[in-house]
Amino acid sequence: MRTRTKVLAATAVSLGVAAAAATVGVATGSDHRPLEGEDLERATTAALRYTGEGTMVESEVGDAGASYEVEIRLDDGSVVEVRLDERFRVTGSSADDDAGETEDD
């Protein structure tokens, strides 16, 4: 009986730690994963085709309804975040600046 109690207690503690870690990850946005390989190449190509110019500066597996997000620095220095679906089709974009102004397409 004691062993069972210890196992249940250890399981409860483990679940609590996992829940806390997930909460911190969501709160800090640290769950964002950069794109790699073919996904990175396809997403960057689609984003650059959409913006017509620029350089990819950051990418990640998307959130807020997008499968992928790619940040493009335009020739004028501004940065645009391009959101893509799972088929690498543009679903929207927004200016990525400190003012937080957005333009959805």
# chains A, B, ... in the order shown; residues from 1 in each chain; ligands from 1
$ residues_around --residues "Ala66 of chain A" --least-positions-apart "4" --cutoff "12 Å" --atoms "only C-alpha atoms" --output "list in words"
Ala43, Glu60, Val61, Gly62, Val70, Glu81, Val82, Arg83, Leu84, Asp85, Glu86, Arg87, Phe88, Arg89, Val90, Thr91, Gly92 and Ser93 of chain A
$ atom_distance --atom1 "atom CA of Arg33 of chain A" --atom2 "atom CA of Gly77 of chain A"
24.5 Å
$ atom_distance --atom1 "atom CA of Asp75 of chain A" --atom2 "atom CA of Gly54 of chain A"
5.6 Å
$ select_by_dssp --residues "segment 22-92 of chain A" --states "helix (DSSP H, G or I)" --output "list in words"
Ala22, Thr23, Val24, Gly25, Val26, Ala27, Thr28, Gly37, Glu38, Asp39, Leu40, Glu41, Arg42, Ala43, Thr44, Thr45, Ala46, Ala47, Leu48, Arg49, Tyr50 and Thr51 of chain A
$ closest_residue --among "A:Leu40, A:Leu35, A:Met56, A:Ala46" --to "Ile72 of chain A" --atoms "only C-alpha atoms"
A:Met56
$ residues_around --residues "Val80 of chain A" --least-positions-apart "4" --cutoff "6 Å" --atoms "only C-alpha atoms" --output "PDB file with N, CA and C atoms, in the first residue's frame"
ATOM      1  N   GLU A  71       9.176  36.086 -41.140  1.00  0.00           N
ATOM      2  CA  GLU A  71       9.408  37.526 -41.092  1.00  0.00           C
ATOM      3  C   GLU A  71      10.373  37.897 -42.204  1.00  0.00           C
ATOM      4  N   ILE A  72       9.981  38.894 -42.979  1.00  0.00           N
ATOM      5  CA  ILE A  72      10.776  39.376 -44.112  1.00  0.00           C
ATOM      6  C   ILE A  72      11.159  40.827 -43.852  1.00  0.00           C
ATOM      7  N   SER A  94       1.281  41.101 -41.475  1.00  0.00           N
ATOM      8  CA  SER A  94       1.197  42.263 -40.598  1.00  0.00           C
ATOM      9  C   SER A  94       2.564  42.899 -40.486  1.00  0.00           C
ATOM     10  N   ALA A  95       2.552  44.213 -40.276  1.00  0.00           N
ATOM     11  CA  ALA A  95       3.804  44.913 -40.017  1.00  0.00           C
ATOM     12  C   ALA A  95       4.337  44.406 -38.689  1.00  0.00           C
ATOM     13  N   ASP A  96       5.611  44.170 -38.612  1.00  0.00           N
ATOM     14  CA  ASP A  96       6.217  43.678 -37.376  1.00  0.00           C
ATOM     15  C   ASP A  96       7.104  44.790 -36.837  1.00  0.00           C
TER      16      ASP A  96
END
